[in-house]
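Student: Attaching a single structure in structure tokens format; questions to follow.
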Amino acid sequence: SEVLEEVGVTDPFLTNYLNMLAFLLQGLPMEGTLTAVMAYMVDDFFQPKAVMDFPKGGSGEMIGALARGVTKHGGEVRRRTHVEEVLVENGRAAGVRLRSGRVVKARKAVVSNADLWNTFRFVKPGQHAGLDKERNELVPSTEQCKSFMHLHVGFDAAELPDDIPPQWTTVASWDEPIDSPANVIVVSCGSMLDSDLAPEGKHVIHAYTAGNEPYSIWEGMDR
């Protein structure tokens, strides 16, 4: 937003559009999005003949490709393997203890792709003074983003309008903050691009609210 002010962009549509792109990119309005991130996205987005890629076979194929890359280079992928604790020895992460009780040792490091709060939960307090200091500073002060609400629906293909695109985004109101609850909804109909994603004569839709759903309205719900 500061960059737009510096270059004199005041057009409401353009400002709202860039704000939406920033929000779709990382779930934050443009005032909370890094300029470098937006510059990369906008440059890529408006390249000649740019298209939005969709993985053939669905998003699960992306996971499969990553797993094949790991095993191809001698690694091992363990699914449904819950980590209970990151073990610390001599001031370094030395491995993990699984829910089953098994210990997996690390030769170089333990890399966590969990969020900040769960990553700290894996390491018991008192194991490392430096980490304890970071825990005490970051856990109370780091603001959590709002939740995503995902909806998956299957329906008869005959009910799909002929002129509908395979993916679209709706904004309920440009007058409300872009991250207001349910203001932005992203909808994808992947079976329009890959017929293997649904039985013949059917389609599947994935719709989600992009990081703007209050968790409180779903908390405690029987899933």
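By convention here, the chains of the structure tokens are called A, B, ... in the order presented, each chain's residues are numbered starting at 1, and ligands are numbered starting at 1 in the order presented.
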From a DSSP calculation on the backbone, collect every residue of chain A in alpha helix (DSSP H) and output the set as an MDAnalysis selection string.

Tutor: chainID A and resid 2:7 12:26 35:45 60:72 116:122 129:141

Student: Run DSSP on the backbone and grab whatever in segment 46-205 of chain A lands in strand (DSSP E or B); send it over as number ranges by chain.

Tutor: A: 83-89, 92-98, 103-105, 147-156, 167-171, 184-188, 202-205

Student: If you measure from atom CA of Thr10 of chain A to atom CA of Phe23 of chain A, what distance in Å do you get, rounded to one decimal?

Tutor: 18.8 Å

Student: Find the spatial neighbours of segment 38-46 of chain A, counting only C-alpha atoms, within a cut-off of 12 Å - ignore same-chain residues fewer than 5 positions away - and output them as a ChimeraX atom specification.

Tutor: /A:1,3-4,17-26,28-33,51-53

Student: Enter the distance from atom CA of Cys189 of chain A to atom CA of Pro166 of chain A, in Å, rounded to one decimal.

Tutor: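 Interatomic distance here is 5.0 Å.
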
Student: Check which residues of segment 44-105 of chain A sit at most 10 Å from segment 120-134 of chain A using only C-alpha atoms, and return one row each with the closest pair of atoms and their distance in Å to one decimal, ordered by chain and rising number, as a Markdown table.

Tutor:
| residue | atom | partner | partner_atom | distance |
| --- | --- | --- | --- | --- |
| A:Val83 | CA | A:Phe122 | CA | 7.9 |
| A:Glu84 | CA | A:Phe122 | CA | 6.3 |
| A:Glu85 | CA | A:Phe122 | CA | 4.5 |
| A:Val86 | CA | A:Phe122 | CA | 5.3 |
| A:Leu87 | CA | A:Val123 | CA | 7.0 |
| A:Val88 | CA | A:Gln127 | CA | 6.3 |
| A:Glu89 | CA | A:Gln127 | CA | 8.3 |
| A:Asn90 | CA | A:His128 | CA | 9.1 |
| A:Gly91 | CA | A:His128 | CA | 6.2 |
| A:Arg92 | CA | A:His128 | CA | 8.2 |
| A:Ala93 | CA | A:Val123 | CA | 9.0 |
| A:Val96 | CA | A:Phe122 | CA | 8.8 |
| A:Arg97 | CA | A:Phe122 | CA | 9.4 |

Student: Grab the atom CA of Pro48 of chain A to atom CA of Glu61 of chain A distance for me, in Å with one decimal place.

Tutor: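 Atom CA of Glu61 of chain A lies 27.1 Å from atom CA of Pro48 of chain A.
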
Student: Between A:Ala210, A:Ile205, A:Val37, A:Cys145, which has the minimum distance to Asn183 of chain A (counting only C-alpha atoms)?

Tutor: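 The closest residue to Asn183 of chain A is A:Ala210.
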
Student: I want to know what sits within 9 Å of segment 190-196 of chain A, based on only C-alpha atoms, with residues of the same chain fewer than 6 positions away left out; could you give that as an mmCIF file with C-alpha atoms, in the first residue's frame?

Tutor:
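Written out: around-v1.cif:
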data_model
loop_
_atom_site.group_PDB
_atom_site.id
_atom_site.type_symbol
_atom_site.label_atom_id
_atom_site.label_comp_id
_atom_site.auth_asym_id
_atom_site.auth_seq_id
_atom_site.Cartn_x
_atom_site.Cartn_y
_atom_site.Cartn_z
ATOM 1 C CA PHE A 54 -3.688 -27.158 -12.618
ATOM 2 C CA PRO A 55 -2.128 -30.509 -11.660
ATOM 3 C CA LYS A 56 -3.441 -33.400 -13.760
ATOM 4 C CA GLY A 57 -4.885 -35.926 -11.336
ATOM 5 C CA GLY A 58 -5.586 -33.298 -8.675
ATOM 6 C CA PRO A 165 -14.663 -20.785 -16.082
ATOM 7 C CA PRO A 166 -12.822 -23.636 -14.312
ATOM 8 C CA GLN A 167 -11.759 -21.286 -11.500
ATOM 9 C CA LYS A 202 -20.378 -35.509 -12.863
ATOM 10 C CA HIS A 203 -18.252 -32.594 -11.688
ATOM 11 C CA VAL A 204 -16.510 -31.687 -8.433
ATOM 12 C CA ILE A 205 -16.145 -28.223 -6.958
ATOM 13 C CA HIS A 206 -13.766 -27.023 -4.276
#

Student: If we count only C-alpha atoms, what is near Arg78 of chain A at a cut-off of 12 Å, once residues fewer than 6 positions away on the same chain are taken out, given as a compact mmCIF listing (two decimals) with C-alpha atoms, in the first residue's frame?

Tutor:
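Result file part_20.txt:
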# COMPACT_ATOMS: atom_id res chain seq x y z
CA ALA A 67 7.47 -38.06 -2.56
CA VAL A 70 12.57 -37.73 -2.05
CA THR A 71 12.79 -41.47 -2.71
CA LEU A 98 7.16 -40.81 17.28
CA VAL A 104 14.32 -41.59 14.61
